[in-house]
Amino acid sequence: MHLSREEERAYQGEEGESLRRAMEILVALGDIYGADRLIPVRSVQVAGVSFKTIGEAGLEWISDLEGRVVVPAVLNPAGMDLTRWREMGIDERFAKKQLEIVEAYRRLGVSPDCTCTPYQISLDLARRGDHLAWSESSAVSFANSVIGAKTNREGGPSALAAALVGKTPRYGYHLEENRVPTIKIVVDADLKPEDYGILGYIVGREVEDGVPRFIFRKRPDIDELKALGAAMAASGSVALYYFDEDAPAAPKGSEEILVGGKDLQEVRQECAPDDEVDVVAIGCPHSSERELAEVARLLEGKKVERELWICTARAIAERRTDLVAKIERSGAQVFCDTCMVVSPASDRYRKMMVNSGKALAYVPTLCKMKAAYGSVEECVRAATRRV
Amino acid sequence: MEIRCHRISGGKATGPALVSKDPISFLGTVDPETGEVVDPGHQLFGKAVAGKVLIFPGGKGSTVGSYVIYQLKKRGVAPVAMINMRSEPIVAVGAIISGIPLVDGVDAGILATRDGTILVVDADREVIRVDEP
């Protein structure tokens with residue numbers, strides 16, 4: 001890989017040990033994936049935040065680092081709400097470690113915004129055509145597919161290295177040749193908002209790491225695209241998809257998959273809620289303002305009979321304290337900085353009902369809990385139904 | 001004898017070889033506190049990676065494996081150097097953040113090295129020296 005004189009100096013350690021290590025990570029990945037050079041990134045989203053996933057080993061590494069990020073950098077969700085962790089039933093020891101992790105990142109200049117939806121908190125983090133170094137799979141999918149920015153799915157250390165250097169190796173989804181659709185998905189059904197999570201769940205399993213090109217009857221809205229991409233990135237590892245009428249077509253001879261209403265119904269029936277559901281969670285990926293407003297409306301005048309969590313970014317909750325207050329009047333809880341998938345708070349339940357294809361894919365494996373699926377309305381109904 | 005290789009993580013170290021023909025997923029396979037291979041299904045089960053020049057085809061598994069390598073290093077039970085046929089990001093990143101020399105780009109012949117053979121891994125010069133007994 002070609003390095004500029006300035007990059008070479010950093011790589012040889014003339015700018016200090018932290019930058020040398022950061023450059024070594026970028027160069028090693030560039031070599032492994034055949035990058036020709038480094039390119040500047042507009043922003044970074046760093047994975048490796050929940051103490052549940054990175055543990056003592058990860059905490060030690062971040063705490064030992066020195067230096068300062070040179071581009072805007074935010075964090076992936078943590079293992080708990082950073083202020084209301086007691087209400088989540090998080091124990092003191094976990095909380096202490098989790099706060100240490102976030103503090104260690106903050107010391108490096110990373111903003112303590114812990115969210116899987118950085119694009120919902122600031123439009124400046126990613127614009128069409130920007131190169132990024134983002135980590136969280138649904139955020140990567142949204143950035144590539146909906147915003148039209150370009151990012152690979154970074155691991156924790158490689159994202160942090162990109163933030164310290166301000167650059168990332170040019171390979172994978174940074175190159176146009178890897179952004180060509182590989183498979184055509186014809187959706188032969190009129191979709192309701194809650195169908196997109198299931199559609200993504202089905203298509204991700206089929207497509208794995210391909211680049212699907214959807215043909216829809218009607219253009220999905222932003223929240224529907226968020227749900228679709230998140231589910232495909234979880235049940236498969238789809239990092240880029242196309243949905244616009246004027247998007248490039250899949251090359252002639254590409255495989256084609258037809259998804260009909262019956263396919264969606266089958267999965268919906270398999271995942272229908274039952275009496276075993278003891279917790280309901282909305283907000284994977286983190287709820288938008290519009291989604292918070294919908295939940296607030298559905299909960300008006302109701303009391304929850306089971307635990308109901310709504311997960312969102314702290315910046316969104318702070319922007320809409322009115323909606324948070326309305327939701328919490330019902331007994332439901334709005335948690336920030338975290339989600340049902342990465343928090344150990346999920347561990348004490350038997351079956352979680354979600355409105356997310358991504359959570360549907362992860363809850364059984366990462367939380368060792370059964371999962372049920374429904375629309376936001378059905379989730380609220382399940383949470384407020386008398387036991 | 002000298003073998004050409006490709007630097008992934010810089011530095012130079014000497015130690016006895018420990019060879020695995022299986023790829024290694026550090027998370028779950030190696031105990032981060034002791035450096036022992038604790039996965040009964042792994043070829044190196046029961047052996048310790050501490051102080052060894054660990055030779056294996058490449059890494060696999062969870063990306064948390066990078067942090068496990070770091071923890072091994074901090075506990076003083078990490079390999080002194082690692083040699084891959086082809087490094088993938090988990091082991092590459094783990095070696096770099098831990099300051100463990102790592103080289104790749106060697107052919108499968110390296111997997112025939114006898115355990116205990118003393119190797120000098122000079123990642124900066126991109127050579128492996130084999131001290132014949």
# chains A, B, ... in the order shown; residues from 1 in each chain; ligands from 1
$ residues_around --residues "Val30 in chain B" --least-positions-apart "6" --cutoff "10 Å" --atoms "only C-alpha atoms" --output "JSON, numbers by chain"
{"B": [24, 36, 37, 38, 39, 42, 44, 45, 46, 47, 48, 49, 65, 68, 69, 72]}
$ write_last_selection --atoms "C-alpha atoms" --output "PDB file, in the first residue's frame"
ATOM      1  CA  ILE B  24      -7.290 -20.313  16.002  1.00  0.00           C
ATOM      2  CA  GLU B  36      -3.622 -22.270  27.947  1.00  0.00           C
ATOM      3  CA  VAL B  37      -5.609 -23.736  25.088  1.00  0.00           C
ATOM      4  CA  VAL B  38      -8.852 -24.751  26.779  1.00  0.00           C
ATOM      5  CA  ASP B  39     -10.954 -25.864  23.805  1.00  0.00           C
ATOM      6  CA  HIS B  42      -8.531 -27.859  19.284  1.00  0.00           C
ATOM      7  CA  LEU B  44      -3.343 -27.568  20.835  1.00  0.00           C
ATOM      8  CA  PHE B  45      -5.695 -28.492  23.707  1.00  0.00           C
ATOM      9  CA  GLY B  46      -3.817 -28.443  27.029  1.00  0.00           C
ATOM     10  CA  LYS B  47      -0.771 -26.618  25.643  1.00  0.00           C
ATOM     11  CA  ALA B  48       0.294 -23.080  26.615  1.00  0.00           C
ATOM     12  CA  VAL B  49       0.992 -20.342  24.100  1.00  0.00           C
ATOM     13  CA  GLY B  65     -10.317 -12.322  19.921  1.00  0.00           C
ATOM     14  CA  VAL B  68      -8.030 -11.559  24.178  1.00  0.00           C
ATOM     15  CA  ILE B  69      -4.570 -11.392  22.590  1.00  0.00           C
ATOM     16  CA  LEU B  72      -2.658 -12.424  27.209  1.00  0.00           C
TER      17      LEU B  72
END
$ interface_residues --of "chain B" --to "chain A" --cutoff "10 Å" --atoms "only C-alpha atoms" --output "PyMOL selection string"
chain B and resi 6-10+32-33+63-72+74+86-90+92-99+104
$ write_last_selection --atoms "C-alpha atoms" --output "PDB file, in the first residue's frame"
ATOM      1  CA  HIS B   6       5.615 -10.082   5.269  1.00  0.00           C
ATOM      2  CA  ARG B   7       5.334  -7.739   8.269  1.00  0.00           C
ATOM      3  CA  ILE B   8       1.891  -7.310   9.787  1.00  0.00           C
ATOM      4  CA  SER B   9       2.954  -6.156  13.264  1.00  0.00           C
ATOM      5  CA  GLY B  10       6.490  -4.878  13.823  1.00  0.00           C
ATOM      6  CA  PRO B  32      -6.871 -15.025  28.592  1.00  0.00           C
ATOM      7  CA  GLU B  33      -5.573 -15.389  32.162  1.00  0.00           C
ATOM      8  CA  THR B  63     -13.494 -10.036  16.760  1.00  0.00           C
ATOM      9  CA  VAL B  64     -13.263  -9.976  20.556  1.00  0.00           C
ATOM     10  CA  GLY B  65     -10.317 -12.322  19.921  1.00  0.00           C
ATOM     11  CA  SER B  66      -8.184  -9.225  19.261  1.00  0.00           C
ATOM     12  CA  TYR B  67      -8.740  -8.065  22.838  1.00  0.00           C
ATOM     13  CA  VAL B  68      -8.030 -11.559  24.178  1.00  0.00           C
ATOM     14  CA  ILE B  69      -4.570 -11.392  22.590  1.00  0.00           C
ATOM     15  CA  TYR B  70      -4.074  -8.037  24.311  1.00  0.00           C
ATOM     16  CA  GLN B  71      -5.084  -9.505  27.658  1.00  0.00           C
ATOM     17  CA  LEU B  72      -2.658 -12.424  27.209  1.00  0.00           C
ATOM     18  CA  LYS B  74      -0.749  -7.907  29.732  1.00  0.00           C
ATOM     19  CA  ARG B  86      -2.266 -15.509   5.740  1.00  0.00           C
ATOM     20  CA  SER B  87      -3.316 -13.159   8.537  1.00  0.00           C
ATOM     21  CA  GLU B  88      -6.904 -12.037   8.865  1.00  0.00           C
ATOM     22  CA  PRO B  89      -8.038  -8.907  10.729  1.00  0.00           C
ATOM     23  CA  ILE B  90      -8.745 -10.424  14.166  1.00  0.00           C
ATOM     24  CA  ALA B  92      -3.598  -8.883  12.888  1.00  0.00           C
ATOM     25  CA  VAL B  93      -5.337  -6.264  15.007  1.00  0.00           C
ATOM     26  CA  GLY B  94      -4.738  -8.283  18.191  1.00  0.00           C
ATOM     27  CA  ALA B  95      -1.006  -8.540  17.502  1.00  0.00           C
ATOM     28  CA  ILE B  96      -0.688  -4.854  16.657  1.00  0.00           C
ATOM     29  CA  ILE B  97      -2.534  -3.511  19.686  1.00  0.00           C
ATOM     30  CA  SER B  98      -0.477  -5.884  21.856  1.00  0.00           C
ATOM     31  CA  GLY B  99       2.916  -5.120  20.304  1.00  0.00           C
ATOM     32  CA  ASP B 104       2.462 -13.753   7.224  1.00  0.00           C
TER      33      ASP B 104
END
$ select_by_dssp --residues "range 62-112 of chain B" --states "helix (DSSP H, G or I)" --output "list in words"
Gly65, Ser66, Tyr67, Val68, Ile69, Tyr70, Gln71, Leu72, Lys73, Lys74, Pro89, Ile90, Val91, Ala92, Val93, Gly94, Ala95, Ile96, Ile97, Ser98, Ala108, Gly109, Ile110, Leu111 and Ala112 of chain B
$ write_last_selection --atoms "N, CA and C atoms" --output "mmCIF file, in the first residue's frame"
data_model
loop_
_atom_site.group_PDB
_atom_site.id
_atom_site.type_symbol
_atom_site.label_atom_id
_atom_site.label_comp_id
_atom_site.auth_asym_id
_atom_site.auth_seq_id
_atom_site.Cartn_x
_atom_site.Cartn_y
_atom_site.Cartn_z
ATOM 1 N N GLY B 65 -11.604 -11.634 19.892
ATOM 2 C CA GLY B 65 -10.317 -12.322 19.921
ATOM 3 C C GLY B 65 -9.132 -11.366 19.935
ATOM 4 N N SER B 66 -9.266 -10.219 19.270
ATOM 5 C CA SER B 66 -8.184 -9.225 19.261
ATOM 6 C C SER B 66 -7.879 -8.772 20.689
ATOM 7 N N TYR B 67 -8.935 -8.526 21.461
ATOM 8 C CA TYR B 67 -8.740 -8.065 22.838
ATOM 9 C C TYR B 67 -8.186 -9.188 23.721
ATOM 10 N N VAL B 68 -8.551 -10.427 23.404
ATOM 11 C CA VAL B 68 -8.030 -11.559 24.178
ATOM 12 C C VAL B 68 -6.507 -11.624 24.022
ATOM 13 N N ILE B 69 -6.020 -11.406 22.812
ATOM 14 C CA ILE B 69 -4.570 -11.392 22.590
ATOM 15 C C ILE B 69 -3.925 -10.297 23.443
ATOM 16 N N TYR B 70 -4.585 -9.150 23.511
ATOM 17 C CA TYR B 70 -4.074 -8.037 24.311
ATOM 18 C C TYR B 70 -4.003 -8.417 25.791
ATOM 19 N N GLN B 71 -5.049 -9.107 26.252
ATOM 20 C CA GLN B 71 -5.084 -9.505 27.658
ATOM 21 C C GLN B 71 -3.983 -10.526 27.970
ATOM 22 N N LEU B 72 -3.747 -11.450 27.039
ATOM 23 C CA LEU B 72 -2.658 -12.424 27.209
ATOM 24 C C LEU B 72 -1.334 -11.694 27.405
ATOM 25 N N LYS B 73 -1.126 -10.676 26.573
ATOM 26 C CA LYS B 73 0.121 -9.921 26.632
ATOM 27 C C LYS B 73 0.264 -9.231 27.987
ATOM 28 N N LYS B 74 -0.830 -8.624 28.459
ATOM 29 C CA LYS B 74 -0.749 -7.907 29.732
ATOM 30 C C LYS B 74 -0.529 -8.852 30.912
ATOM 31 N N PRO B 89 -8.019 -10.084 9.861
ATOM 32 C CA PRO B 89 -8.038 -8.907 10.729
ATOM 33 C C PRO B 89 -8.037 -9.170 12.231
ATOM 34 N N ILE B 90 -8.637 -10.250 12.711
ATOM 35 C CA ILE B 90 -8.745 -10.424 14.166
ATOM 36 C C ILE B 90 -7.364 -10.596 14.798
ATOM 37 N N VAL B 91 -6.574 -11.517 14.239
ATOM 38 C CA VAL B 91 -5.242 -11.757 14.792
ATOM 39 C C VAL B 91 -4.318 -10.582 14.467
ATOM 40 N N ALA B 92 -4.445 -10.022 13.271
ATOM 41 C CA ALA B 92 -3.598 -8.883 12.888
ATOM 42 C C ALA B 92 -3.789 -7.735 13.870
ATOM 43 N N VAL B 93 -5.046 -7.372 14.104
ATOM 44 C CA VAL B 93 -5.337 -6.264 15.007
ATOM 45 C C VAL B 93 -4.899 -6.611 16.435
ATOM 46 N N GLY B 94 -5.145 -7.855 16.845
ATOM 47 C CA GLY B 94 -4.738 -8.283 18.191
ATOM 48 C C GLY B 94 -3.235 -8.162 18.385
ATOM 49 N N ALA B 95 -2.470 -8.596 17.403
ATOM 50 C CA ALA B 95 -1.006 -8.540 17.502
ATOM 51 C C ALA B 95 -0.538 -7.087 17.556
ATOM 52 N N ILE B 96 -1.129 -6.252 16.722
ATOM 53 C CA ILE B 96 -0.688 -4.854 16.657
ATOM 54 C C ILE B 96 -0.980 -4.122 17.964
ATOM 55 N N ILE B 97 -2.208 -4.254 18.462
ATOM 56 C CA ILE B 97 -2.534 -3.511 19.686
ATOM 57 C C ILE B 97 -1.732 -4.056 20.867
ATOM 58 N N SER B 98 -1.226 -5.277 20.763
ATOM 59 C CA SER B 98 -0.477 -5.884 21.856
ATOM 60 C C SER B 98 1.026 -5.723 21.690
ATOM 61 N N ALA B 108 2.739 -23.180 3.282
ATOM 62 C CA ALA B 108 2.256 -24.179 4.243
ATOM 63 C C ALA B 108 3.380 -25.023 4.825
ATOM 64 N N GLY B 109 4.548 -25.003 4.178
ATOM 65 C CA GLY B 109 5.709 -25.746 4.689
ATOM 66 C C GLY B 109 6.032 -25.382 6.134
ATOM 67 N N ILE B 110 5.731 -24.164 6.519
ATOM 68 C CA ILE B 110 6.043 -23.692 7.879
ATOM 69 C C ILE B 110 5.304 -24.518 8.928
ATOM 70 N N LEU B 111 4.155 -25.110 8.519
ATOM 71 C CA LEU B 111 3.357 -25.897 9.467
ATOM 72 C C LEU B 111 4.030 -27.232 9.796
ATOM 73 N N ALA B 112 5.104 -27.554 9.065
ATOM 74 C CA ALA B 112 5.839 -28.793 9.344
ATOM 75 C C ALA B 112 6.962 -28.564 10.358
#
$ closest_atom_pairs --of "range 183-278 of chain A" --to "range 120-130 of chain A" --cutoff "12 Å" --atoms "only C-alpha atoms" --output "Markdown table"
| residue | atom | partner | partner_atom | distance |
| --- | --- | --- | --- | --- |
| A:Ile222 | CA | A:Gln120 | CA | 10.5 |
| A:Asp223 | CA | A:Gln120 | CA | 10.5 |
| A:Lys226 | CA | A:Gln120 | CA | 10.5 |
$ residues_around --residues "range 55-57 of chain B" --least-positions-apart "6" --cutoff "6 Å" --atoms "only C-alpha atoms" --output "short mmCIF file (atom, residue, chain, number, x, y, z; two decimals) with N, CA and C atoms, in the first residue's frame"
data_model
loop_
_atom_site.label_atom_id
_atom_site.label_comp_id
_atom_site.auth_asym_id
_atom_site.auth_seq_id
_atom_site.Cartn_x
_atom_site.Cartn_y
_atom_site.Cartn_z
N VAL B 19 3.21 -25.25 16.95
CA VAL B 19 2.54 -25.26 15.65
C VAL B 19 1.11 -25.80 15.76
N SER B 20 0.18 -25.09 15.16
CA SER B 20 -1.19 -25.58 15.04
C SER B 20 -1.55 -25.63 13.57
N LYS B 21 -2.05 -26.78 13.12
CA LYS B 21 -2.49 -26.86 11.72
C LYS B 21 -3.91 -26.31 11.59
N PRO B 23 -6.78 -23.35 12.26
CA PRO B 23 -6.87 -21.92 12.57
C PRO B 23 -7.24 -21.74 14.06
N MET B 82 4.11 -14.36 16.35
CA MET B 82 3.17 -15.24 15.66
C MET B 82 3.49 -15.25 14.16
N ILE B 83 3.26 -16.42 13.57
CA ILE B 83 3.48 -16.57 12.13
C ILE B 83 2.21 -17.18 11.52
N ASN B 84 1.68 -16.52 10.52
CA ASN B 84 0.50 -17.03 9.79
C ASN B 84 0.88 -17.30 8.34
N MET B 85 0.13 -18.18 7.72
CA MET B 85 0.26 -18.28 6.26
C MET B 85 -0.38 -17.04 5.65
#
$ closest_residue --among "B:Arg75, B:Asp22, B:Gly61, B:Leu102" --to "Val120 in chain B" --atoms "only C-alpha atoms"
B:Leu102
